[in-house]
file coords24.txt (compact mmCIF, C-alpha atoms and all ligand atoms)
# COMPACT_ATOMS: atom_id res chain seq x y z
CA MET A 1 32.96 -11.27 -17.97
CA LYS A 2 30.63 -8.70 -19.50
CA ASN A 3 31.63 -5.07 -19.62
CA ILE A 4 29.28 -2.42 -18.26
CA ASP A 5 27.89 -1.51 -21.71
CA GLU A 6 26.90 -5.13 -22.29
CA VAL A 7 25.19 -5.25 -18.92
CA LEU A 8 23.32 -2.01 -19.64
CA SER A 9 22.04 -3.41 -22.93
CA GLY A 10 19.99 -5.74 -20.74
CA VAL A 11 17.88 -2.82 -19.48
CA ASP A 12 15.04 -2.82 -22.01
CA TRP A 13 12.66 -0.49 -20.19
CA GLU A 14 10.48 -0.04 -23.29
CA GLN A 15 9.57 -3.72 -23.20
CA GLY A 16 9.51 -3.74 -19.42
CA LEU A 17 12.40 -6.20 -19.22
CA VAL A 18 15.32 -5.47 -16.92
CA SER A 19 18.36 -7.67 -16.41
CA PRO A 20 18.71 -8.63 -12.73
CA GLU A 21 22.46 -8.22 -13.17
CA ILE A 22 22.07 -4.50 -12.40
CA HIS A 23 20.79 -5.44 -8.93
CA PHE A 24 23.54 -7.93 -8.08
CA ASP A 25 26.74 -7.15 -9.93
CA GLU A 26 29.49 -5.37 -7.96
CA ASP A 27 30.90 -3.63 -11.08
CA VAL A 28 27.51 -2.08 -11.79
CA TYR A 29 27.33 -0.99 -8.17
CA ARG A 30 30.70 0.77 -8.38
CA ALA A 31 29.81 2.40 -11.71
CA GLU A 32 26.53 3.76 -10.40
CA SER A 33 28.24 5.27 -7.32
CA ASP A 34 29.99 7.50 -9.81
CA LYS A 35 27.36 7.95 -12.52
CA VAL A 36 24.28 8.23 -10.34
CA PHE A 37 25.15 9.14 -6.75
CA ASN A 38 28.02 11.49 -7.57
CA LYS A 39 25.90 13.35 -10.12
CA ALA A 40 22.30 13.42 -8.91
CA TRP A 41 20.65 15.82 -6.52
CA LEU A 42 20.09 13.76 -3.38
CA VAL A 43 17.83 14.48 -0.44
CA VAL A 44 19.89 14.96 2.73
CA GLY A 45 17.17 15.89 5.19
CA HIS A 46 14.65 18.58 6.11
CA GLU A 47 15.37 22.01 7.51
CA ASP A 48 13.27 21.12 10.54
CA MET A 49 16.08 18.71 11.55
CA VAL A 50 18.49 21.63 12.02
CA PRO A 51 16.22 24.46 13.17
CA LYS A 52 18.71 26.23 15.47
CA ILE A 53 22.18 27.72 15.10
CA ASN A 54 24.83 24.98 15.63
CA ASP A 55 22.38 22.11 15.01
CA TYR A 56 23.64 19.18 13.01
CA VAL A 57 22.33 15.88 11.74
CA THR A 58 24.13 13.10 9.90
CA ASN A 59 23.00 11.37 6.74
CA TYR A 60 24.46 9.67 3.67
CA MET A 61 24.84 10.65 0.04
CA GLY A 62 25.03 7.26 -1.59
CA ASP A 63 27.52 5.48 0.65
CA VAL A 64 29.32 8.68 1.67
CA PRO A 65 28.66 9.77 5.27
CA VAL A 66 27.77 13.46 5.47
CA VAL A 67 26.78 15.94 8.16
CA VAL A 68 24.13 18.58 7.56
CA THR A 69 24.91 21.60 9.73
CA ARG A 70 23.54 25.05 10.49
CA ASP A 71 26.50 27.30 11.24
CA GLY A 72 26.75 30.34 13.51
CA ARG A 73 25.41 32.60 10.78
CA GLY A 74 22.42 30.37 10.15
CA ASP A 75 23.73 28.96 6.86
CA VAL A 76 23.17 25.30 6.06
CA HIS A 77 26.17 23.24 4.92
CA VAL A 78 26.57 19.66 3.87
CA LEU A 79 30.00 18.36 4.88
CA VAL A 80 31.63 15.05 4.13
CA ASN A 81 32.07 13.37 7.51
CA ARG A 82 35.75 12.59 7.02
CA CYS A 83 38.73 14.23 8.64
CA SER A 84 41.13 15.97 6.25
CA HIS A 85 44.09 14.63 8.25
CA ARG A 86 43.76 10.89 7.86
CA GLY A 87 40.16 10.15 7.15
CA ASN A 88 38.50 9.45 10.49
CA GLN A 89 34.84 10.39 10.85
CA VAL A 90 34.71 13.65 12.79
CA CYS A 91 31.05 13.71 13.77
CA LEU A 92 30.40 10.85 16.14
CA PHE A 93 26.75 11.38 16.94
CA ASP A 94 23.65 11.14 14.78
CA ARG A 95 22.49 14.64 15.60
CA GLY A 96 22.95 17.34 18.16
CA ASN A 97 24.03 20.91 18.76
CA ALA A 98 27.73 21.82 18.93
CA LYS A 99 30.07 24.60 17.93
CA GLY A 100 32.26 22.19 16.01
CA PHE A 101 33.64 18.69 15.62
CA THR A 102 36.90 17.46 17.09
CA CYS A 103 38.39 14.41 15.45
CA SER A 104 38.87 11.55 17.90
CA TYR A 105 42.14 10.39 16.29
CA HIS A 106 44.62 13.32 16.54
CA GLY A 107 42.30 16.07 17.69
CA TRP A 108 41.98 18.36 14.68
CA SER A 109 38.88 20.51 15.16
CA PHE A 110 36.49 21.88 12.58
CA GLY A 111 33.74 24.47 12.60
CA LEU A 112 30.20 23.76 11.42
CA ASP A 113 31.10 25.54 8.18
CA GLY A 114 33.82 22.91 7.66
CA GLN A 115 36.78 25.21 8.37
CA LEU A 116 39.78 23.68 10.13
CA ASN A 117 40.04 25.77 13.29
CA GLY A 118 42.45 23.95 15.56
CA VAL A 119 45.39 21.54 15.31
CA PRO A 120 47.00 20.24 18.52
CA MET A 121 50.59 21.46 18.94
CA GLU A 122 50.40 23.19 15.59
CA GLN A 123 53.37 25.53 16.05
CA ALA A 124 55.65 22.96 17.63
CA LEU A 125 54.96 20.26 15.07
CA TYR A 126 54.21 22.05 11.81
CA HIS A 127 56.43 25.11 12.37
CA GLY A 128 53.97 27.55 10.84
CA LYS A 129 53.89 25.61 7.56
CA LEU A 130 50.40 24.10 7.80
CA ASP A 131 47.89 25.79 5.49
CA LYS A 132 44.76 25.31 7.56
CA SER A 133 42.62 27.14 5.01
CA ALA A 134 43.19 24.29 2.54
CA LEU A 135 42.43 21.55 5.04
CA GLY A 136 38.81 22.09 5.96
CA LEU A 137 36.26 19.30 5.72
CA GLU A 138 35.11 18.65 2.19
CA THR A 139 32.06 20.80 1.57
CA VAL A 140 29.44 19.38 -0.77
CA PRO A 141 29.41 22.01 -3.52
CA LYS A 142 25.70 22.18 -4.28
CA VAL A 143 23.08 22.54 -1.56
CA ALA A 144 19.50 23.70 -2.03
CA ASN A 145 16.44 24.06 0.14
CA PHE A 146 13.19 23.14 -1.59
CA HIS A 147 10.33 24.27 0.65
CA GLY A 148 12.09 22.75 3.62
CA LEU A 149 13.46 19.62 1.95
CA LEU A 150 17.25 19.82 1.77
CA PHE A 151 19.03 18.53 -1.33
CA ALA A 152 22.73 18.32 -2.16
CA SER A 153 24.84 17.26 -5.12
CA PHE A 154 28.50 16.28 -5.33
CA ASP A 155 28.59 17.55 -8.90
CA PRO A 156 29.78 21.17 -9.03
CA ASP A 157 28.34 21.34 -12.57
CA ALA A 158 24.98 19.86 -11.64
CA PRO A 159 22.00 21.65 -13.17
CA SER A 160 20.06 23.83 -10.73
CA LEU A 161 17.73 21.88 -8.45
CA GLU A 162 14.89 23.72 -10.15
CA SER A 163 15.76 22.21 -13.50
CA TRP A 164 16.61 18.80 -12.02
CA LEU A 165 13.07 18.63 -10.63
CA GLY A 166 11.25 20.58 -13.36
CA GLU A 167 7.90 22.29 -13.06
CA ASP A 168 5.63 19.27 -12.68
CA VAL A 169 7.67 17.45 -10.02
CA SER A 170 8.05 20.76 -8.18
CA TRP A 171 4.28 21.27 -8.16
CA TRP A 172 3.55 17.90 -6.54
CA LEU A 173 6.47 18.03 -4.13
CA LYS A 174 5.74 21.54 -2.95
CA ASN A 175 1.95 21.39 -2.72
CA PHE A 176 1.19 17.80 -2.05
CA VAL A 177 4.16 16.24 -0.27
CA LEU A 178 5.73 19.14 1.60
CA ALA A 179 2.37 20.87 2.08
CA ALA A 180 3.97 24.29 1.61
CA PRO A 181 0.68 26.17 1.05
CA LEU A 182 -0.80 24.35 4.06
CA GLY A 183 1.87 25.63 6.44
CA GLY A 184 4.59 23.04 5.74
CA LEU A 185 5.64 20.01 7.73
CA GLU A 186 7.24 19.48 11.12
CA MET A 187 9.30 16.62 12.44
CA LEU A 188 7.79 13.98 14.64
CA PRO A 189 10.06 12.52 17.33
CA GLY A 190 12.17 9.50 16.55
CA TRP A 191 14.36 8.39 13.67
CA HIS A 192 14.24 4.93 12.41
CA ARG A 193 16.84 2.81 10.64
CA TYR A 194 17.26 -0.71 9.50
CA ARG A 195 19.39 -2.72 7.14
CA SER A 196 17.68 -4.87 4.62
CA PRO A 197 18.84 -7.28 1.96
CA GLY A 198 18.31 -6.08 -1.61
CA ASN A 199 19.87 -3.60 -3.99
CA TRP A 200 18.76 -0.01 -3.29
CA LYS A 201 16.99 0.15 -6.68
CA LEU A 202 14.67 -2.70 -5.78
CA VAL A 203 13.24 -0.82 -2.83
CA SER A 204 13.27 2.56 -4.63
CA GLU A 205 11.26 1.12 -7.51
CA ASN A 206 8.90 -0.44 -5.00
CA PHE A 207 8.04 2.97 -3.52
CA ILE A 208 8.01 4.84 -6.81
CA GLY A 209 5.57 2.50 -8.42
CA ASP A 210 4.66 -0.88 -6.97
CA ASP A 211 1.10 -0.91 -5.69
CA TYR A 212 0.57 -4.30 -7.29
CA HIS A 213 2.23 -6.01 -4.32
CA VAL A 214 0.04 -4.21 -1.79
CA PHE A 215 -3.23 -5.89 -2.68
CA SER A 216 -2.12 -8.95 -4.61
CA ALA A 217 0.02 -10.64 -1.98
CA THR A 218 2.59 -8.89 0.22
CA HIS A 219 0.37 -6.71 2.39
CA ILE A 220 -2.80 -8.77 2.55
CA SER A 221 -2.07 -9.46 6.22
CA TRP A 222 -2.26 -5.71 6.83
CA LEU A 223 -5.56 -5.52 4.98
CA ALA A 224 -6.91 -8.49 6.94
CA VAL A 225 -6.02 -6.83 10.25
CA MET A 226 -7.73 -3.63 9.16
CA GLN A 227 -10.84 -5.54 8.17
CA GLU A 228 -10.97 -7.31 11.48
CA PHE A 229 -10.71 -4.06 13.42
CA VAL A 230 -13.47 -2.53 11.33
CA SER A 231 -15.71 -5.57 11.67
CA LYS A 232 -15.41 -5.28 15.45
CA GLY A 233 -16.26 -1.58 15.33
CA MET A 234 -12.78 -0.65 16.59
CA ASP A 235 -10.51 2.16 15.44
CA ALA A 236 -8.26 0.46 12.93
CA PRO A 237 -4.59 1.31 12.71
CA MET A 238 -3.75 2.63 9.25
CA ALA A 239 -7.31 2.01 8.08
CA THR A 240 -8.18 4.32 5.30
CA TYR A 241 -8.98 3.50 1.74
CA PRO A 242 -11.28 5.14 -0.78
CA ALA A 243 -14.47 3.18 -1.27
CA ASN A 244 -14.41 4.14 -4.92
CA ALA A 245 -11.35 2.51 -6.47
CA GLN A 246 -12.16 4.30 -9.73
CA SER A 247 -10.78 7.51 -8.23
CA VAL A 248 -7.30 6.07 -7.54
CA TYR A 249 -4.52 6.70 -10.07
CA GLU A 250 -0.83 6.21 -10.64
CA GLY A 251 0.88 9.58 -10.95
CA ALA A 252 3.97 9.61 -13.20
CA ILE A 253 5.65 12.97 -13.04
CA GLY A 254 8.89 14.27 -14.60
CA GLY A 255 11.13 11.48 -15.74
CA ALA A 256 12.47 12.43 -19.16
CA GLU A 257 14.68 15.48 -18.70
CA ASN A 258 13.86 15.68 -14.99
CA ALA A 259 14.14 13.30 -12.09
CA PRO A 260 11.27 10.82 -12.21
CA PHE A 261 8.77 11.21 -9.41
CA GLY A 262 6.09 8.60 -8.96
CA MET A 263 3.03 8.66 -6.77
CA GLY A 264 1.09 5.51 -6.12
CA MET A 265 -2.64 5.72 -5.52
CA VAL A 266 -3.28 9.41 -5.94
CA THR A 267 -6.94 10.10 -5.26
CA VAL A 268 -8.62 12.56 -7.58
CA GLY A 269 -12.27 13.46 -7.92
CA SER A 270 -13.57 11.58 -4.93
CA ASP A 271 -14.91 12.88 -1.67
CA ASP A 272 -14.56 9.56 0.17
CA LEU A 273 -11.30 10.17 1.94
CA PHE A 274 -12.13 13.70 2.94
CA GLN A 275 -15.34 12.40 4.50
CA ARG A 276 -13.43 9.63 6.28
CA ASP A 277 -10.94 12.12 7.68
CA LEU A 278 -13.76 14.41 8.71
CA SER A 279 -15.57 11.67 10.59
CA GLU A 280 -12.38 10.72 12.42
CA ALA A 281 -11.68 14.40 13.16
CA LYS A 282 -15.10 14.64 14.81
CA THR A 283 -13.97 12.09 17.37
CA LEU A 284 -10.89 14.25 18.10
CA GLY A 285 -12.60 17.59 18.72
CA THR A 286 -13.42 20.88 17.03
CA ASP A 287 -9.79 21.87 16.36
CA ALA A 288 -9.31 18.78 14.25
CA VAL A 289 -12.61 19.32 12.40
CA GLU A 290 -11.73 22.93 11.59
CA TRP A 291 -8.27 21.95 10.41
CA ILE A 292 -9.61 19.21 8.12
CA HIS A 293 -12.07 21.70 6.55
CA HIS A 294 -9.44 24.42 6.27
CA ARG A 295 -6.83 22.27 4.54
CA LYS A 296 -9.43 20.87 2.10
CA GLN A 297 -10.34 24.41 1.14
CA ARG A 298 -6.67 25.27 0.58
CA LEU A 299 -6.09 22.10 -1.49
CA ASP A 300 -9.06 22.99 -3.70
CA GLU A 301 -7.69 26.51 -4.18
CA ILE A 302 -4.26 25.20 -5.19
CA SER A 303 -5.88 22.97 -7.82
CA LYS A 304 -8.48 25.44 -9.05
CA ASP A 305 -6.82 25.89 -12.46
CA LEU A 306 -6.41 22.15 -12.96
CA GLU A 307 -9.03 19.70 -14.14
CA GLY A 308 -9.30 17.87 -10.84
CA ALA A 309 -8.39 18.31 -7.23
CA PRO A 310 -6.13 15.58 -5.84
CA TYR A 311 -6.74 14.90 -2.15
CA SER A 312 -4.15 12.40 -0.95
CA PHE A 313 -1.79 9.62 -1.92
CA MET A 314 -0.55 6.33 -0.57
CA ASN A 315 3.11 6.01 -1.55
CA GLY A 316 5.68 7.73 -3.68
CA GLY A 317 9.29 8.00 -4.69
CA LEU A 318 11.70 10.53 -6.10
CA PHE A 319 14.67 9.32 -8.12
CA PRO A 320 17.10 8.06 -7.06
CA ASN A 321 16.49 6.96 -3.49
CA LEU A 322 13.77 8.84 -1.62
CA GLY A 323 10.62 6.96 -0.67
CA LEU A 324 7.43 8.50 0.68
CA MET A 325 4.35 7.29 2.45
CA GLY A 326 1.21 9.41 2.71
CA PHE A 327 -1.22 6.61 3.63
CA PHE A 328 -4.09 8.56 1.99
CA SER A 329 -4.61 10.76 5.01
CA PRO A 330 -3.10 13.80 6.72
CA MET A 331 -4.12 12.18 10.04
CA ILE A 332 -1.36 9.60 9.56
CA GLY A 333 1.49 12.03 8.94
CA ARG A 334 4.02 11.56 6.19
CA GLN A 335 6.98 9.23 6.17
CA PHE A 336 10.26 9.99 4.37
CA LEU A 337 12.59 7.08 3.68
CA MET A 338 16.09 7.19 2.25
CA PHE A 339 17.36 3.96 0.70
CA HIS A 340 21.09 4.15 1.15
CA PRO A 341 23.17 1.69 -0.87
CA ARG A 342 25.29 -0.71 1.15
CA GLY A 343 26.97 -2.79 -1.51
CA ALA A 344 25.21 -4.42 -4.44
CA ILE A 345 22.87 -6.60 -2.44
CA GLU A 346 22.06 -4.62 0.68
CA HIS A 347 20.60 -1.25 1.57
CA GLU A 348 19.95 0.71 4.73
CA VAL A 349 16.71 2.57 5.31
CA TRP A 350 16.89 5.90 7.14
CA GLN A 351 13.40 7.04 7.92
CA TRP A 352 11.94 10.11 9.50
CA ASN A 353 8.31 11.06 10.03
CA MET A 354 6.57 14.40 9.65
CA VAL A 355 3.12 15.88 10.05
CA GLU A 356 1.50 19.07 8.79
CA ARG A 357 2.60 21.90 11.05
CA GLU A 358 -0.86 23.40 11.31
CA ALA A 359 -2.45 20.15 12.48
CA PRO A 360 -3.77 20.30 16.06
CA GLN A 361 -1.75 18.52 18.73
CA VAL A 362 -4.26 15.70 18.99
CA VAL A 363 -3.59 14.84 15.33
CA LYS A 364 0.17 15.07 15.83
CA ASP A 365 -0.06 12.62 18.74
CA LEU A 366 -2.04 10.24 16.59
CA ALA A 367 0.43 10.57 13.71
CA ILE A 368 3.32 9.54 16.00
CA GLN A 369 1.49 6.34 16.97
CA ARG A 370 0.53 5.58 13.41
CA ALA A 371 4.03 6.04 12.02
CA HIS A 372 5.03 3.17 14.28
CA GLN A 373 2.02 1.02 13.47
CA GLY A 374 2.48 1.13 9.72
CA GLN A 375 5.58 1.94 7.71
CA HIS A 376 8.00 0.91 10.42
CA MET A 377 10.06 -2.15 11.21
CA ALA A 378 7.87 -2.80 14.24
CA GLY A 379 4.75 -1.95 12.26
CA ILE A 380 2.47 -3.93 10.07
CA VAL A 381 3.79 -2.89 6.65
CA ALA A 382 7.60 -2.78 6.34
CA PRO A 383 8.61 -6.26 7.63
CA ASP A 384 6.65 -8.02 4.90
CA ASP A 385 8.56 -6.12 2.21
CA VAL A 386 11.92 -7.03 3.75
CA GLU A 387 11.05 -10.73 3.64
CA ASN A 388 10.51 -10.47 -0.10
CA PHE A 389 13.85 -8.70 -0.62
CA GLU A 390 15.62 -11.36 1.44
CA ARG A 391 14.24 -14.11 -0.78
CA MET A 392 14.97 -12.16 -3.96
CA VAL A 393 18.62 -11.84 -2.94
CA GLU A 394 18.84 -15.55 -2.17
CA ALA A 395 17.47 -16.45 -5.58
CA GLY A 396 19.35 -13.69 -7.40
CA LYS A 397 22.92 -14.23 -6.23
CA PRO A 398 23.72 -17.17 -8.51
CA THR A 399 25.03 -15.62 -11.73
CA ARG A 400 23.22 -18.18 -13.89
CA ASN A 401 19.99 -16.58 -12.69
CA TRP A 402 20.93 -13.22 -14.21
CA GLU A 403 20.04 -14.33 -17.73
CA ARG A 404 16.30 -14.16 -17.29
CA PRO A 405 15.07 -10.56 -17.03
CA PHE A 406 12.72 -9.16 -14.40
CA HIS A 407 9.31 -8.31 -15.79
CA TYR A 408 7.78 -4.83 -15.61
CA GLY A 409 4.95 -5.12 -18.12
CA LEU A 410 1.94 -3.97 -16.08
CA GLN A 411 -0.36 -1.49 -17.91
CA MET A 412 1.96 -1.36 -20.91
CA GLY A 413 0.26 0.94 -23.43
CA GLN A 414 -2.35 2.12 -20.91
CA GLU A 415 -0.02 4.53 -19.13
CA ASP A 416 -2.00 7.74 -19.63
CA GLU A 417 -5.56 6.47 -19.27
CA GLY A 418 -6.27 8.56 -16.20
CA PRO A 419 -7.62 12.07 -15.80
CA ALA A 420 -5.93 14.70 -17.96
CA GLY A 421 -5.27 18.27 -16.88
CA LEU A 422 -3.11 17.60 -13.82
CA HIS A 423 0.66 18.01 -13.68
CA GLY A 424 2.42 14.96 -15.13
CA THR A 425 0.59 11.84 -16.29
CA MET A 426 -2.20 10.10 -14.45
CA GLY A 427 -2.64 6.47 -15.35
CA PRO A 428 -4.41 3.41 -14.02
CA ASN A 429 -3.32 1.91 -10.72
CA PRO A 430 -1.68 -0.50 -10.15
CA SER A 431 0.86 -0.09 -12.90
CA GLU A 432 4.56 -0.63 -13.58
CA PHE A 433 4.82 2.56 -15.61
CA ASN A 434 6.81 4.30 -12.90
CA GLN A 435 9.29 1.43 -12.69
CA ARG A 436 9.81 1.60 -16.47
CA ARG A 437 10.46 5.35 -16.14
CA PHE A 438 12.78 4.78 -13.19
CA TYR A 439 14.98 2.39 -15.21
CA ARG A 440 14.87 4.63 -18.29
CA PHE A 441 16.27 7.53 -16.27
CA TRP A 442 18.79 5.33 -14.45
CA LEU A 443 19.99 4.03 -17.82
CA GLN A 444 20.34 7.59 -19.18
CA MET A 445 22.54 8.50 -16.23
CA MET A 446 24.61 5.33 -16.50
CA GLU A 447 25.21 5.85 -20.22
CA ARG A 448 26.30 9.46 -19.86
CA LYS A 449 29.98 9.78 -20.74
S1 LIG B 1 42.54 11.60 11.43
FE1 LIG B 1 41.54 13.30 12.23
S2 LIG B 1 43.03 14.34 13.35
FE2 LIG B 1 44.10 12.70 12.47
FE FE B 2 5.36 -2.87 0.52
call {"tool": "encode", "arguments": {"input": "coords24.txt", "output": "structure tokens", "more": "lines below"}}
Ligand code: FES
Ligand SMILES: [Fe+2]
result
Amino acid sequence: MKNIDEVLSGVDWEQGLVSPEIHFDEDVYRAESDKVFNKAWLVVGHEDMVPKINDYVTNYMGDVPVVVTRDGRGDVHVLVNRCSHRGNQVCLFDRGNAKGFTCSYHGWSFGLDGQLNGVPMEQALYHGKLDKSALGLETVPKVANFHGLLFASFDPDAPSLESWLGEDVSWWLKNFVLAAPLGGLEMLPGWHRYRSPGNWKLVSENFIGDDYHVFSATHISWLAVMQEFVSKGMDAPMATYPANAQSVYEGAIGGAENAPFGMGMVTVGSDDLFQRDLSEAKTLGTDAVEWIHHRKQRLDEISKDLEGAPYSFMNGGLFPNLGLMGFFSPMIGRQFLMFHPRGAIEHEVWQWNMVEREAPQVVKDLAIQRAHQGQHMAGIVAPDDVENFERMVEAGKPTRNWERPFHYGLQMGQEDEGPAGLHGTMGPNPSEFNQRRFYRFWLQMMERK
């Protein structure tokens, strides 16, 4: 049996070689619960999920069930969904609006701020000796709202979210993903969840940096469907791609001191996609046309001090387990995916979909349809990825197969050969630079004493 240090020595990110053991071994899984998920800032939702007093929504931090609440004073809390009496989950529904949670086992009741408010037969059974103030739900000590995106950390000594993200990651997240200067994002109806085989890191590294699989093999069926629609002169679901592939880059942001953030297929210095969006907007009416012009103007203003104006992106990921889809176009909305660990060889995807708040209703309606056509278990993108993960688990379970490392050598040495003058590093796409950065940062966290 190897100890954890021996296993970690198999993560040679500089050479792009990573031991598969870290994706299959149960001891590594337990160690990273502590070293990664108990220390990192984790996304727990968006403020638009709990817009009103007494709203709540459940989520996970690693494998710990939590409830995000907005209490009677309007404050947001993240509570561990576990009764302080004997550990039952107290919040039984995914989301809703309530003044509190009553445990279904013995009936202790808690406020949305986590306080223990009521205990059945308290006087008769505890004789005035129960210190209710010490028996609230566990409150996650660090919570922060980053332009609507809610983060939390179990580590009371965690650095501020600001320094966890750093300036460059903050710039892209705020301006480009959360569209703060464009009016922010709003929720589209419907959550979406599915379990999938595969360690959570395999899917996180896919979103943070694997565009190779999109065009080389996995998603060619999607591309073929798009082509067929176009050839028949029909509106194609999820059909948008810049004609000029020279304007598509891999964005590698943060990642040394800060959480790595990767963006696949960032388009810079090309008008193609704006023109495509404009021509589609023309079919949707003047509101859509005006909005497309307005947001382009705002995007150009935001980038005016940089050496290029990015327009859109395809996919992205923020360490450790947030995935993003932008599909190149604001007409398609934006998908947020959490990859929750479920043991060493399984994960659960929790996905929600958003759209720019200032978009006209006709665009919002379209974005709802498209979220379900594309990055969705009933769509044309996600199921093909899951099939790969299923086969990787089958081939990766035998321990003899852990000796040969996985290969992440794409664009080694070419990492920064993209446009300079933007935040972070722009390199050629596809690339495995973001995966190498992902494992470097993961290793740093795992080696921290
Ligand atoms: S476990 Fe919740 S009241 Fe007993
Ligand atoms: Fe994929």
call {"tool": "atom_distance", "arguments": {"input": "coords24.txt", "atom1": "CA of Arg30 in chain A", "atom2": "CA of Glu6 in chain A"}}
result
15.6 Å
call {"tool": "closest_atom_pairs", "arguments": {"input": "coords24.txt", "of": "chain A", "to": "ligand FE 2 (chain B)", "cutoff": "8 Å", "atoms": "all atoms listed in the file", "output": "CSV"}}
result
residue,atom,partner,partner_atom,distance
A:Asn206,CA,B:FE2,FE,7.0
A:Phe207,CA,B:FE2,FE,7.6
A:Asp210,CA,B:FE2,FE,7.8
A:Asp211,CA,B:FE2,FE,7.8
A:His213,CA,B:FE2,FE,6.6
A:Val214,CA,B:FE2,FE,6.0
A:Thr218,CA,B:FE2,FE,6.6
A:His219,CA,B:FE2,FE,6.6
A:Val381,CA,B:FE2,FE,6.3
A:Ala382,CA,B:FE2,FE,6.2
A:Asp384,CA,B:FE2,FE,6.9
A:Asp385,CA,B:FE2,FE,4.9
call {"tool": "closest_residue", "arguments": {"input": "coords24.txt", "among": "A:Gly418, A:Glu228, A:Gly209, A:Asp12", "to": "Glu432 in chain A", "atoms": "all atoms listed in the file"}}
result
A:Gly209
call {"tool": "atom_distance", "arguments": {"input": "coords24.txt", "atom1": "CA of Ser279 in chain A", "atom2": "CA of Lys296 in chain A"}}
result
13.9 Å
call {"tool": "axis_aligned_box", "arguments": {"input": "coords24.txt", "around": "range 422-432 of chain A", "padding_each_side": "3 Å", "output": "AutoDock Vina command-line options"}}
result
--center_x 0.1 --center_y 8.7 --center_z -13.2 --size_x 15.0 --size_y 24.6 --size_z 12.1
call {"tool": "residues_near_ligand", "arguments": {"input": "coords24.txt", "ligand": "ligand LIG 1 (chain B)", "cutoff": "7 Å", "atoms": "only C-alpha atoms and all ligand atoms", "output": "list in words"}}
result
Cys83, Ser84, His85, Arg86, Gly87, Asn88, Val90, Cys103, Ser104, Tyr105, His106, Gly107 and Trp108 of chain A
call {"tool": "write_last_selection", "arguments": {"input": "coords24.txt", "atoms": "C-alpha atoms", "output": "CSV table (one decimal), in the frame of the given file"}}
result
chain,number,residue,atom,x,y,z
A,83,CYS,CA,38.7,14.2,8.6
A,84,SER,CA,41.1,16.0,6.2
A,85,HIS,CA,44.1,14.6,8.2
A,86,ARG,CA,43.8,10.9,7.9
A,87,GLY,CA,40.2,10.2,7.2
A,88,ASN,CA,38.5,9.4,10.5
A,90,VAL,CA,34.7,13.6,12.8
A,103,CYS,CA,38.4,14.4,15.4
A,104,SER,CA,38.9,11.6,17.9
A,105,TYR,CA,42.1,10.4,16.3
A,106,HIS,CA,44.6,13.3,16.5
A,107,GLY,CA,42.3,16.1,17.7
A,108,TRP,CA,42.0,18.4,14.7
call {"tool": "residues_near_point", "arguments": {"input": "coords24.txt", "point": "(12.0, 1.0, -15.1)", "cutoff": "12 Å", "atoms": "only C-alpha atoms", "output": "mmCIF file with C-alpha atoms, in the coordinates of the input"}}
result
data_model
loop_
_atom_site.group_PDB
_atom_site.id
_atom_site.type_symbol
_atom_site.label_atom_id
_atom_site.label_comp_id
_atom_site.auth_asym_id
_atom_site.auth_seq_id
_atom_site.Cartn_x
_atom_site.Cartn_y
_atom_site.Cartn_z
ATOM 1 C CA GLY A 10 19.990 -5.740 -20.740
ATOM 2 C CA VAL A 11 17.880 -2.820 -19.480
ATOM 3 C CA ASP A 12 15.040 -2.820 -22.010
ATOM 4 C CA TRP A 13 12.660 -0.490 -20.190
ATOM 5 C CA GLU A 14 10.480 -0.040 -23.290
ATOM 6 C CA GLN A 15 9.570 -3.720 -23.200
ATOM 7 C CA GLY A 16 9.510 -3.740 -19.420
ATOM 8 C CA LEU A 17 12.400 -6.200 -19.220
ATOM 9 C CA VAL A 18 15.320 -5.470 -16.920
ATOM 10 C CA SER A 19 18.360 -7.670 -16.410
ATOM 11 C CA PRO A 20 18.710 -8.630 -12.730
ATOM 12 C CA ILE A 22 22.070 -4.500 -12.400
ATOM 13 C CA LYS A 201 16.990 0.150 -6.680
ATOM 14 C CA LEU A 202 14.670 -2.700 -5.780
ATOM 15 C CA SER A 204 13.270 2.560 -4.630
ATOM 16 C CA GLU A 205 11.260 1.120 -7.510
ATOM 17 C CA ASN A 206 8.900 -0.440 -5.000
ATOM 18 C CA ILE A 208 8.010 4.840 -6.810
ATOM 19 C CA GLY A 209 5.570 2.500 -8.420
ATOM 20 C CA ASP A 210 4.660 -0.880 -6.970
ATOM 21 C CA ALA A 252 3.970 9.610 -13.200
ATOM 22 C CA GLY A 255 11.130 11.480 -15.740
ATOM 23 C CA PRO A 260 11.270 10.820 -12.210
ATOM 24 C CA GLY A 262 6.090 8.600 -8.960
ATOM 25 C CA PHE A 319 14.670 9.320 -8.120
ATOM 26 C CA PRO A 320 17.100 8.060 -7.060
ATOM 27 C CA PHE A 406 12.720 -9.160 -14.400
ATOM 28 C CA HIS A 407 9.310 -8.310 -15.790
ATOM 29 C CA TYR A 408 7.780 -4.830 -15.610
ATOM 30 C CA GLY A 409 4.950 -5.120 -18.120
ATOM 31 C CA LEU A 410 1.940 -3.970 -16.080
ATOM 32 C CA MET A 412 1.960 -1.360 -20.910
ATOM 33 C CA SER A 431 0.860 -0.090 -12.900
ATOM 34 C CA GLU A 432 4.560 -0.630 -13.580
ATOM 35 C CA PHE A 433 4.820 2.560 -15.610
ATOM 36 C CA ASN A 434 6.810 4.300 -12.900
ATOM 37 C CA GLN A 435 9.290 1.430 -12.690
ATOM 38 C CA ARG A 436 9.810 1.600 -16.470
ATOM 39 C CA ARG A 437 10.460 5.350 -16.140
ATOM 40 C CA PHE A 438 12.780 4.780 -13.190
ATOM 41 C CA TYR A 439 14.980 2.390 -15.210
ATOM 42 C CA ARG A 440 14.870 4.630 -18.290
ATOM 43 C CA PHE A 441 16.270 7.530 -16.270
ATOM 44 C CA TRP A 442 18.790 5.330 -14.450
ATOM 45 C CA LEU A 443 19.990 4.030 -17.820
ATOM 46 C CA GLN A 444 20.340 7.590 -19.180
#
